[in-house]
Amino acid sequence: QLQLVESGGGLVQPGGSLRLSCSASGFSLDAYAIGWFRQAPGKEREGVSCISSPGSSTNYADSVKGRFTISRDSAKNTVYLQMNSLKPEDTAVYYCAARPKGIATLGICKQTRNWYNYWGQGTQVTVSS
C-alpha cells in the first residue's frame, strides 16, 4: 500500500520560504495525482494545490496563487510544494495526498479531499515573528 511521507515543515518568519516534500517508497509517484492540503487549528482541511498524472496540469487555491509552486522530481520520486512570501495565515499542518491515475483522470487533479485515496501524516508549518 502506498505510504506518503511529508517533510520540510518548520518555523519561518513572515515573508520567508519553505519547501515541503512528499515522498514514497516502493511506488512511483509519477503514477499518482498528488494534492497538497492544509488544516489550521479549528478549521477544516482545505486544498492548497495539486498536480496531475501525467504532471502537466496544476491547480492552486486563490489564497496561494503566485506564492506557492507545486512540482515533481521523478528521479527523486518526490513532489514538492515551494512556498514563498509566507504569511501567518499559512500556518497549518500540511498534508500530501495521492490518487492513482486512471483513464478518467489522466491529466487532471482536484483539490477535493474525497478525490484522494492515500494520505500522509502531515508536517507542521508555522509562520510567525
# chains A, B, ... in the order shown; residues from 1 in each chain; ligands from 1

$ residues_around --residues "Thr91 (chain A)" --least-positions-apart "4" --cutoff "8 Å" --atoms "only C-alpha atoms" --output "MDAnalysis selection string"
chainID A and resid 40 87 124:127

$ write_last_selection --atoms "N, CA, C and O atoms" --output "PDB file, in the first residue's frame"
ATOM      1  N   ALA A  40      -5.612  24.188   9.550  1.00  0.00           N
ATOM      2  CA  ALA A  40      -5.278  25.049  10.671  1.00  0.00           C
ATOM      3  C   ALA A  40      -6.147  24.675  11.867  1.00  0.00           C
ATOM      4  O   ALA A  40      -7.230  24.098  11.693  1.00  0.00           O
ATOM      5  N   LYS A  87       2.784  33.871   4.949  1.00  0.00           N
ATOM      6  CA  LYS A  87       2.006  34.747   5.812  1.00  0.00           C
ATOM      7  C   LYS A  87       1.589  33.977   7.066  1.00  0.00           C
ATOM      8  O   LYS A  87       1.492  32.746   7.036  1.00  0.00           O
ATOM      9  N   GLN A 124       4.082  20.181  10.128  1.00  0.00           N
ATOM     10  CA  GLN A 124       3.642  21.465  10.671  1.00  0.00           C
ATOM     11  C   GLN A 124       4.415  22.611  10.040  1.00  0.00           C
ATOM     12  O   GLN A 124       5.643  22.594   9.963  1.00  0.00           O
ATOM     13  N   VAL A 125       3.679  23.621   9.609  1.00  0.00           N
ATOM     14  CA  VAL A 125       4.264  24.870   9.131  1.00  0.00           C
ATOM     15  C   VAL A 125       3.746  25.988  10.027  1.00  0.00           C
ATOM     16  O   VAL A 125       2.519  26.153  10.173  1.00  0.00           O
ATOM     17  N   THR A 126       4.648  26.728  10.617  1.00  0.00           N
ATOM     18  CA  THR A 126       4.287  27.843  11.473  1.00  0.00           C
ATOM     19  C   THR A 126       4.965  29.100  10.958  1.00  0.00           C
ATOM     20  O   THR A 126       6.190  29.135  10.816  1.00  0.00           O
ATOM     21  N   VAL A 127       4.153  30.106  10.661  1.00  0.00           N
ATOM     22  CA  VAL A 127       4.675  31.381  10.173  1.00  0.00           C
ATOM     23  C   VAL A 127       4.431  32.422  11.254  1.00  0.00           C
ATOM     24  O   VAL A 127       3.293  32.796  11.542  1.00  0.00           O
TER      25      VAL A 127
END

$ residues_around --residues "region 42-56 of chain A" --least-positions-apart "3" --cutoff "7 Å" --atoms "only C-alpha atoms" --output "PyMOL selection string"
chain A and resi 30-39+59-61+70+101+106-112

$ atom_distance --atom1 "CA of Leu18 (chain A)" --atom2 "CA of Tyr94 (chain A)"
11.8 Å

$ residues_around --residues "Ser21 (chain A)" --least-positions-apart "3" --cutoff "7 Å" --atoms "only C-alpha atoms" --output "list in words"
Glu6, Ser7, Gly8, Thr78, Val79, Tyr80 and Leu81 of chain A

$ residues_around --residues "Ser129 (chain A)" --least-positions-apart "4" --cutoff "9 Å" --atoms "only C-alpha atoms" --output "compact mmCIF listing (two decimals) with all heavy atoms, in the first residue's frame"
# COMPACT_ATOMS: atom_id res chain seq x y z
N VAL A 12 8.99 29.66 10.40
CA VAL A 12 9.57 30.65 9.49
C VAL A 12 8.93 32.00 9.76
O VAL A 12 7.76 32.08 10.16
CB VAL A 12 9.39 30.20 8.02
CG1 VAL A 12 7.91 30.14 7.65
CG2 VAL A 12 10.15 31.10 7.06
N GLN A 13 9.68 33.05 9.53
CA GLN A 13 9.14 34.40 9.72
C GLN A 13 8.26 34.79 8.54
O GLN A 13 8.44 34.28 7.42
CB GLN A 13 10.28 35.39 9.87
CG GLN A 13 11.07 35.23 11.15
CD GLN A 13 12.10 36.32 11.33
OE1 GLN A 13 12.48 37.01 10.39
NE2 GLN A 13 12.57 36.49 12.57
N PRO A 14 7.33 35.70 8.77
CA PRO A 14 6.53 36.20 7.65
C PRO A 14 7.42 36.72 6.53
O PRO A 14 8.43 37.39 6.78
CB PRO A 14 5.71 37.33 8.28
CG PRO A 14 5.59 36.93 9.71
CD PRO A 14 6.89 36.28 10.05
N PRO A 88 1.29 34.67 8.15
CA PRO A 88 0.83 33.97 9.35
C PRO A 88 -0.38 33.08 9.09
O PRO A 88 -0.52 32.01 9.70
CB PRO A 88 0.50 35.11 10.31
CG PRO A 88 1.43 36.21 9.89
CD PRO A 88 1.51 36.10 8.39
